[in-house]
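Remarks on the structure that follows.
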Amino acid sequence: MSPRGLRRALAACLLAAVAAVISTTAQEQQLVLRSSATSVAVHVLVESATKPAKPVRDLTAKDFVVTDSGVKQEIAAMTTDVLPLDVTVVLDRLEQSEYAKRIPHPQVVELESLLNKDDRLRVVAVGSDIEETLPLGPPGRGPAPLPRLKSDLPALFDGVATALIRPTPPGRHHLVVAITEGFDAYSFTGAAALADIAHRSDAQLNVIVAEGRRLKTRTLARVMNPLPIDDSLGSLVEIAKSTGGDVIASYRLTRSIGGPVKHLFDEVRAGYVLYYTPTGATDRGWHPIEVTIARPGNFEVRARRGYAN
Amino acid sequence: MRLAGIALALIGCVLAAGASDQASQKLTVGAALDQYAAHPGADVPRRLAGQGIVDVLETYRDGANSWIVQGGGDGRLRRQHVAAAFAVELVALTLDGSNAEYRAGKPLVEWFCQLLKNQPPSEVERMAMLASLAAIQGAGDSLLLGIESGSYKRQGHIDHALARFPQDDRFKLIRIVDRYELRIISIVPLKGHEVLPEAAHRMPQEAAKRLNETLERLLALDGPLVRDEARLRRGVLQFVTGRVTLALQEFGAAAVTDAPFASYIANLMLGAIYYAGGDSAAAAARYSKAMHITPATSARLGLAASLMKMGNTQEAAAIAPPPPADKRIDDPWRLYGLGMFHELPGYLEAMRVALR
């Protein structure tokens, strides 16, 4: 039996987690691929600082400077191979949006069309619980069915956590793409726990923020709720950036996401993977990473902000 | 070939006529109540509702009143009980449906309440009251339930129930858990203590008074039917007001009870407290206990997060995937804010047993 009135109960009493400010300004974003506890693989994206930005593809290992916990590291190896992508789409049900409930889901179809044949796709739907509607597999298997979840109000953080916890097989990139209004209603996973998971995951989290009822919901929550608003979206954005992920904000539900998603995939495919064995850094806890380019010139460098062990 | 074709056409006509007859055999309210009286169970209300639940809800009272009258003198009270219980079954069914269905079902609550109020209190009425209140809490319908918010009071169904069964702790508990501070379900782990002080800042005296009053009322509930639930809710209240040591005591006691709901949430809360305190192993142990009680998403992800923090990523990955949709288990965590809704199936069954 499912509570039909969860929505109403929540509107009345929930500490609604709603969005705040989303900054799309380019900030340093980073990716780490780790194959073991003793070696670290960092995925680095380098673009020219000119407009339009273009990927810089002629760098060698000597052109990179990597610090781990402030200590300069020796790069043992570098690859520029294009690794296949494992893409997990986390789709919240975008409450009351019939558009978003179409089969096939227009944005998922768009995203799937940008995958190569060696890539894989998985869809995780988020409502009052989590449901994997399309298991990980090659593109072109047909549309993901609608989830059987009965409530639209999402356990967003739980869904993102479920996606991030899956380990990345060697030789692949794992991208998590959350298409969401950024409203979290039910998650047991809080922002701190989600950040912990993200820092230990090999996946890169990206957020596509759908403008649905977000602002309205936020206003409602402020009026009805005497308690502070939990800024779920703000937390999610920060966590995404810490994994090197991107945030596509203020996207309207009916608008194509093909451009930004293609850019995202192209960037990941055009990156470098630097390998090093941490030396001189503390063994446990959070390891901040910084990657810079030693070669003269202006570059935009994106790499993960760090990792936890 | 031609004969075979004609024969097939005839068979088709016969089958179609049979189907049409079956469709025309509509279950009436009276017939449904007869069947339910003989074998109280979920099946008959479900079949009647399947004919078009809004129509059924809108016509039920007239049909049930006629059926009660047909019972004559001695059978009248029994029929009133049956009709009241059936009404509660129908209201409960609307919780899986639309708002329109629930709206159509709401009048049945007050109807059955009026129907029985001149009779001596009975076990059927008691369980019908409890089930209907749990359903109302599941719908988040505080207006129908009755509101008690500081100095503002609005009479509702709970007041009728308390008037009929003033000594029953379960009704007192329903009254208390519907108070705002105990309905909070976003007891986002270890953020609670940051939450209520701000509310207290906005309404310092009222908030503090309310919280203490709620706590005192919960402390007074120590009967066997409500003890575990009261402990759990007390733990949450202590937790969100920053009294973590007292919260740990309450959760610790609730965690070892036989009540699966209270034990699950208590273990979950203990896990969250240990996790935030940096003791991932203790957190994992608590989440593991919760998972053992109910292998639902919250416990699963709590355990996976703890294992990841301990460096056991492969174990975490093995636990994290959601089960197939047809094997999903309702997560008590999602139901916490809905008061005693989680007891609805049990109350309905007890109501049917009392009717037998």
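Chains: A, B, ... in order of the structure tokens. Residues: from 1 per chain. Ligands: from 1, in order shown.
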(request) Run DSSP on the backbone and grab whatever in segment 41-276 of chain B lands in helix (DSSP H, G or I); send it over as a ChimeraX atom specification. (result) /B:43-49,53-70,72-96,99-116,123-138,142-145,157-164,169-177,180-183,192-202,204-219,227-240,244-255,260-276
(request) Write out as a ChimeraX atom specification the residues lying within 10 Å of segment 253-266 of chain A, counting only C-alpha atoms and excluding same-chain residues fewer than 6 positions away. (result) /A:55,82,85,87,94,97,99-100,106-115,175,177,179-181,206,208-212,245-247
Writer output for current selection, N, CA and C atoms, as a short mmCIF file (atom, residue, chain, number, x, y, z; two decimals), in the first residue's frame:
```cif
data_model
loop_
_atom_site.label_atom_id
_atom_site.label_comp_id
_atom_site.auth_asym_id
_atom_site.auth_seq_id
_atom_site.Cartn_x
_atom_site.Cartn_y
_atom_site.Cartn_z
N PRO A 55 39.92 21.87 -27.55
CA PRO A 55 40.74 20.91 -26.80
C PRO A 55 42.20 21.01 -27.23
N VAL A 82 41.03 7.16 -26.20
CA VAL A 82 39.61 7.48 -26.03
C VAL A 82 38.94 6.27 -25.38
N LEU A 85 32.54 5.09 -22.74
CA LEU A 85 31.81 5.70 -21.62
C LEU A 85 30.75 4.75 -21.06
N VAL A 87 27.50 5.54 -19.08
CA VAL A 87 26.71 6.70 -18.67
C VAL A 87 25.50 6.23 -17.86
N LEU A 94 10.32 14.70 -12.16
CA LEU A 94 9.89 16.03 -12.55
C LEU A 94 8.39 16.16 -12.38
N SER A 97 5.03 16.84 -14.56
CA SER A 97 5.41 17.20 -15.92
C SER A 97 5.13 16.03 -16.85
N TYR A 99 5.40 16.04 -19.92
CA TYR A 99 6.44 16.00 -20.94
C TYR A 99 7.56 15.06 -20.51
N ALA A 100 7.94 15.20 -19.25
CA ALA A 100 9.07 14.41 -18.76
C ALA A 100 8.72 12.94 -18.59
N PRO A 106 12.41 12.21 -24.00
CA PRO A 106 13.12 12.93 -25.08
C PRO A 106 14.59 13.20 -24.77
N GLN A 107 14.90 13.58 -23.54
CA GLN A 107 16.29 13.91 -23.25
C GLN A 107 17.17 12.66 -23.18
N VAL A 108 16.57 11.56 -22.72
CA VAL A 108 17.35 10.32 -22.67
C VAL A 108 17.64 9.85 -24.09
N VAL A 109 16.66 9.99 -24.98
CA VAL A 109 16.86 9.61 -26.38
C VAL A 109 17.98 10.44 -26.99
N GLU A 110 17.94 11.73 -26.71
CA GLU A 110 18.97 12.63 -27.23
C GLU A 110 20.35 12.23 -26.73
N LEU A 111 20.40 11.98 -25.46
CA LEU A 111 21.67 11.61 -24.84
C LEU A 111 22.17 10.28 -25.42
N GLU A 112 21.26 9.34 -25.59
CA GLU A 112 21.64 8.02 -26.10
C GLU A 112 22.18 8.13 -27.52
N SER A 113 21.61 9.05 -28.30
CA SER A 113 22.04 9.18 -29.69
C SER A 113 23.48 9.69 -29.79
N LEU A 114 24.00 10.22 -28.72
CA LEU A 114 25.37 10.76 -28.73
C LEU A 114 26.40 9.74 -28.26
N LEU A 115 25.93 8.55 -27.92
CA LEU A 115 26.85 7.51 -27.46
C LEU A 115 27.42 6.74 -28.64
N LEU A 175 30.29 8.21 -16.30
CA LEU A 175 29.65 9.52 -16.13
C LEU A 175 28.26 9.30 -15.54
N VAL A 177 24.83 11.31 -15.06
CA VAL A 177 24.16 12.53 -15.51
C VAL A 177 22.80 12.58 -14.82
N ILE A 179 19.38 14.34 -14.37
CA ILE A 179 18.44 15.31 -14.95
C ILE A 179 17.38 15.55 -13.88
N THR A 180 17.38 16.73 -13.31
CA THR A 180 16.61 16.91 -12.07
C THR A 180 16.19 18.36 -11.84
N GLU A 181 15.17 18.50 -11.05
CA GLU A 181 14.80 19.83 -10.57
C GLU A 181 15.59 20.19 -9.32
N ASN A 206 27.50 14.79 -13.26
CA ASN A 206 27.07 15.99 -13.99
C ASN A 206 25.60 16.23 -13.68
N ILE A 208 22.09 18.21 -14.86
CA ILE A 208 21.30 19.02 -15.78
C ILE A 208 20.08 19.48 -14.99
N VAL A 209 20.02 20.76 -14.74
CA VAL A 209 18.97 21.29 -13.87
C VAL A 209 17.76 21.67 -14.73
N ALA A 210 16.68 20.99 -14.50
CA ALA A 210 15.47 21.26 -15.26
C ALA A 210 14.64 22.31 -14.52
N GLU A 211 14.22 23.27 -15.23
CA GLU A 211 13.35 24.28 -14.62
C GLU A 211 11.92 23.80 -14.73
N GLY A 212 11.41 23.29 -13.68
CA GLY A 212 10.02 22.86 -13.70
C GLY A 212 9.26 23.68 -12.69
N GLY A 245 32.67 17.21 -12.52
CA GLY A 245 31.49 17.23 -13.36
C GLY A 245 31.06 18.63 -13.75
N ASP A 246 30.13 18.68 -14.67
CA ASP A 246 29.64 19.94 -15.20
C ASP A 246 28.20 20.16 -14.71
N VAL A 247 27.76 21.39 -14.77
CA VAL A 247 26.38 21.71 -14.38
C VAL A 247 25.74 22.48 -15.52
#
```
(message) Show me, as an MDAnalysis selection string, the residues that have an atom within 12 Å of Ala253 of chain B when counting only C-alpha atoms, minus same-chain residues fewer than 4 positions from it.
(response) chainID B and resid 227:235 246:249 257:259 262:267 270
(request) Would you list the contacts of Leu164 of chain A as a ChimeraX atom specification, taking every protein, DNA or RNA residue within 10 Å and counting only C-alpha atoms, but skipping same-chain residues closer than 4 positions in sequence? (result) /A:88,158-160,168,174-176,194,197-205 /B:317,320
(message) Show me, as number ranges by chain, the residues that have an atom within 12 Å of Ala272 of chain B when counting only C-alpha atoms, minus same-chain residues fewer than 4 positions from it.
(response) A: 188-190, 192-193; B: 187-192, 239, 244, 248, 251, 265-268, 276-287, 290, 298-299, 301-303, 305-306
Give me a file of those residues, with N, CA and C atoms, as a JSON list (two decimals), in the first residue's frame.
```
[["chain", "number", "residue", "atom", "x", "y", "z"],
["A", 188, "PHE", "N", 17.42, 9.32, 2.49],
["A", 188, "PHE", "CA", 18.11, 9.11, 3.75],
["A", 188, "PHE", "C", 19.55, 9.60, 3.60],
["A", 189, "THR", "N", 20.09, 9.46, 2.41],
["A", 189, "THR", "CA", 21.45, 9.93, 2.17],
["A", 189, "THR", "C", 21.46, 11.45, 2.23],
["A", 190, "GLY", "N", 22.19, 11.99, 3.18],
["A", 190, "GLY", "CA", 22.31, 13.44, 3.29],
["A", 190, "GLY", "C", 23.45, 13.96, 2.42],
["A", 192, "ALA", "N", 26.25, 15.31, 3.24],
["A", 192, "ALA", "CA", 27.60, 14.92, 3.69],
["A", 192, "ALA", "C", 27.92, 13.49, 3.26],
["A", 193, "ALA", "N", 26.95, 12.60, 3.41],
["A", 193, "ALA", "CA", 27.18, 11.21, 3.03],
["A", 193, "ALA", "C", 27.34, 11.10, 1.51],
["B", 187, "ILE", "N", 14.27, 14.23, 8.72],
["B", 187, "ILE", "CA", 15.23, 14.29, 9.82],
["B", 187, "ILE", "C", 16.57, 13.97, 9.18],
["B", 188, "VAL", "N", 16.95, 14.88, 8.30],
["B", 188, "VAL", "CA", 18.19, 14.71, 7.56],
["B", 188, "VAL", "C", 19.28, 14.44, 8.59],
["B", 189, "PRO", "N", 19.94, 13.31, 8.45],
["B", 189, "PRO", "CA", 20.84, 12.89, 9.51],
["B", 189, "PRO", "C", 21.76, 14.00, 10.01],
["B", 190, "LEU", "N", 21.68, 14.20, 11.27],
["B", 190, "LEU", "CA", 22.53, 15.15, 11.97],
["B", 190, "LEU", "C", 22.42, 16.58, 11.47],
["B", 191, "LYS", "N", 21.35, 16.89, 10.85],
["B", 191, "LYS", "CA", 21.10, 18.29, 10.54],
["B", 191, "LYS", "C", 19.99, 18.82, 11.41],
["B", 192, "GLY", "N", 19.32, 17.90, 12.08],
["B", 192, "GLY", "CA", 18.17, 18.30, 12.87],
["B", 192, "GLY", "C", 18.48, 19.34, 13.91],
["B", 239, "PHE", "N", 16.62, 14.22, 19.34],
["B", 239, "PHE", "CA", 17.67, 14.39, 18.33],
["B", 239, "PHE", "C", 17.58, 15.75, 17.64],
["B", 244, "VAL", "N", 21.60, 14.81, 21.87],
["B", 244, "VAL", "CA", 22.00, 13.58, 21.19],
["B", 244, "VAL", "C", 22.15, 12.41, 22.17],
["B", 248, "LEU", "N", 20.24, 8.99, 21.77],
["B", 248, "LEU", "CA", 20.89, 7.68, 21.67],
["B", 248, "LEU", "C", 20.24, 6.68, 22.61],
["B", 251, "PHE", "N", 16.77, 5.78, 21.08],
["B", 251, "PHE", "CA", 16.94, 4.95, 19.88],
["B", 251, "PHE", "C", 17.47, 3.57, 20.25],
["B", 265, "ILE", "N", 13.76, 2.19, 12.03],
["B", 265, "ILE", "CA", 14.08, 3.63, 12.03],
["B", 265, "ILE", "C", 15.11, 3.94, 13.12],
["B", 266, "ALA", "N", 14.96, 3.31, 14.28],
["B", 266, "ALA", "CA", 15.89, 3.57, 15.38],
["B", 266, "ALA", "C", 17.31, 3.16, 14.98],
["B", 267, "ASN", "N", 17.42, 1.98, 14.36],
["B", 267, "ASN", "CA", 18.75, 1.55, 13.90],
["B", 267, "ASN", "C", 19.31, 2.49, 12.84],
["B", 268, "LEU", "N", 18.43, 2.94, 11.98],
["B", 268, "LEU", "CA", 18.85, 3.88, 10.93],
["B", 268, "LEU", "C", 19.39, 5.17, 11.56],
["B", 276, "ALA", "N", 28.05, 10.17, 11.22],
["B", 276, "ALA", "CA", 28.44, 11.58, 11.30],
["B", 276, "ALA", "C", 29.53, 11.80, 12.34],
["B", 277, "GLY", "N", 29.55, 10.92, 13.34],
["B", 277, "GLY", "CA", 30.59, 11.01, 14.36],
["B", 277, "GLY", "C", 31.90, 10.39, 13.93],
["B", 278, "GLY", "N", 31.94, 9.84, 12.72],
["B", 278, "GLY", "CA", 33.18, 9.29, 12.19],
["B", 278, "GLY", "C", 33.40, 7.82, 12.49],
["B", 279, "ASP", "N", 32.42, 7.18, 13.15],
["B", 279, "ASP", "CA", 32.58, 5.76, 13.47],
["B", 279, "ASP", "C", 31.84, 4.92, 12.41],
["B", 280, "SER", "N", 32.51, 4.73, 11.29],
["B", 280, "SER", "CA", 31.86, 4.05, 10.16],
["B", 280, "SER", "C", 31.53, 2.60, 10.49],
["B", 281, "ALA", "N", 32.39, 1.95, 11.28],
["B", 281, "ALA", "CA", 32.14, 0.54, 11.59],
["B", 281, "ALA", "C", 30.87, 0.39, 12.43],
["B", 282, "ALA", "N", 30.72, 1.27, 13.43],
["B", 282, "ALA", "CA", 29.50, 1.21, 14.26],
["B", 282, "ALA", "C", 28.28, 1.56, 13.42],
["B", 283, "ALA", "N", 28.44, 2.53, 12.51],
["B", 283, "ALA", "CA", 27.33, 2.90, 11.63],
["B", 283, "ALA", "C", 26.94, 1.71, 10.75],
["B", 284, "ALA", "N", 27.95, 1.06, 10.19],
["B", 284, "ALA", "CA", 27.68, -0.10, 9.32],
["B", 284, "ALA", "C", 26.94, -1.18, 10.09],
["B", 285, "ALA", "N", 27.33, -1.38, 11.35],
["B", 285, "ALA", "CA", 26.67, -2.42, 12.16],
["B", 285, "ALA", "C", 25.19, -2.09, 12.34],
["B", 286, "ARG", "N", 24.88, -0.81, 12.59],
["B", 286, "ARG", "CA", 23.48, -0.41, 12.78],
["B", 286, "ARG", "C", 22.69, -0.51, 11.48],
["B", 287, "TYR", "N", 23.30, -0.03, 10.40],
["B", 287, "TYR", "CA", 22.60, -0.12, 9.11],
["B", 287, "TYR", "C", 22.37, -1.59, 8.74],
["B", 290, "ALA", "N", 19.39, -2.75, 10.57],
["B", 290, "ALA", "CA", 18.18, -2.23, 9.93],
["B", 290, "ALA", "C", 17.87, -3.02, 8.66],
["B", 298, "SER", "N", 16.89, 2.82, 2.27],
["B", 298, "SER", "CA", 17.63, 3.68, 3.20],
["B", 298, "SER", "C", 18.71, 2.90, 3.94],
["B", 299, "ALA", "N", 18.36, 1.74, 4.44],
["B", 299, "ALA", "CA", 19.34, 0.93, 5.17],
["B", 299, "ALA", "C", 20.43, 0.45, 4.22],
["B", 301, "LEU", "N", 21.54, 1.85, 1.41],
["B", 301, "LEU", "CA", 22.46, 2.92, 1.04],
["B", 301, "LEU", "C", 23.29, 3.41, 2.22],
["B", 302, "GLY", "N", 22.68, 3.40, 3.42],
["B", 302, "GLY", "CA", 23.44, 3.76, 4.61],
["B", 302, "GLY", "C", 24.60, 2.80, 4.81],
["B", 303, "LEU", "N", 24.31, 1.51, 4.66],
["B", 303, "LEU", "CA", 25.36, 0.51, 4.81],
["B", 303, "LEU", "C", 26.42, 0.66, 3.71],
["B", 305, "ALA", "N", 27.25, 3.35, 2.05],
["B", 305, "ALA", "CA", 28.06, 4.56, 2.29],
["B", 305, "ALA", "C", 29.10, 4.29, 3.38],
["B", 306, "SER", "N", 28.69, 3.59, 4.43],
["B", 306, "SER", "CA", 29.63, 3.28, 5.52],
["B", 306, "SER", "C", 30.75, 2.37, 5.02]]
```
(request) Would you list the contacts of Val90 of chain A as a list of chain:residue names, taking every protein, DNA or RNA residue within 6 Å and counting only C-alpha atoms, but skipping same-chain residues closer than 2 positions in sequence? (result) A:Val124, A:Ala125, A:Ala178
The selected residues should be written to file as a compact mmCIF listing (two decimals), in the first residue's frame (atoms: C-alpha atoms).
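This went into selection-v1.txt:
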```
# COMPACT_ATOMS: atom_id res chain seq x y z
CA VAL A 124 17.98 5.06 -12.77
CA ALA A 125 14.58 6.59 -12.04
CA ALA A 178 21.37 13.65 -13.18
```
(message) Just checking: using only C-alpha atoms, which residue out of A:Val89, A:Ala281, A:Ile248, A:Leu134 ends up closest to chain B?
(response)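 Closest to chain B of all the choices is A:Leu134.
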(request) Find the residue from A:Ala195, A:Ala249, A:Ile130, A:Ile289 that sits nearest to chain B; use only C-alpha atoms when measuring. (result)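 Checking each of A:Ala195, A:Ala249, A:Ile130, A:Ile289 against chain B, counting only C-alpha atoms, the winner is A:Ile130.
Here atom CA of Ala308 of chain A is placed at a distance of 8.5 Å from atom CA of Lys309 of chain B.
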(request) Write out as an MDAnalysis selection string which residues come within 8 Å of Phe112 of chain B when counting only C-alpha atoms, dropping same-chain ones fewer than 4 positions away. (result) chainID B and resid 83:84 87 108 116
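In this model, the gap between atom CA of Leu59 of chain A and atom CA of Val301 of chain A comes to 12.1 Å.
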(request) Select, from B:Ile273, B:Ile319, B:Val82, B:Met340, the residue with the minimum atom-to-atom distance to Gly242 of chain B, counting only C-alpha atoms. (result)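 For Gly242 of chain B, the nearest of the candidates is B:Ile273.
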(message) Just checking: using only C-alpha atoms, which residue out of A:Tyr275, A:Tyr186, A:Phe299, A:Trp286 ends up closest to chain B?
(response) A:Tyr186
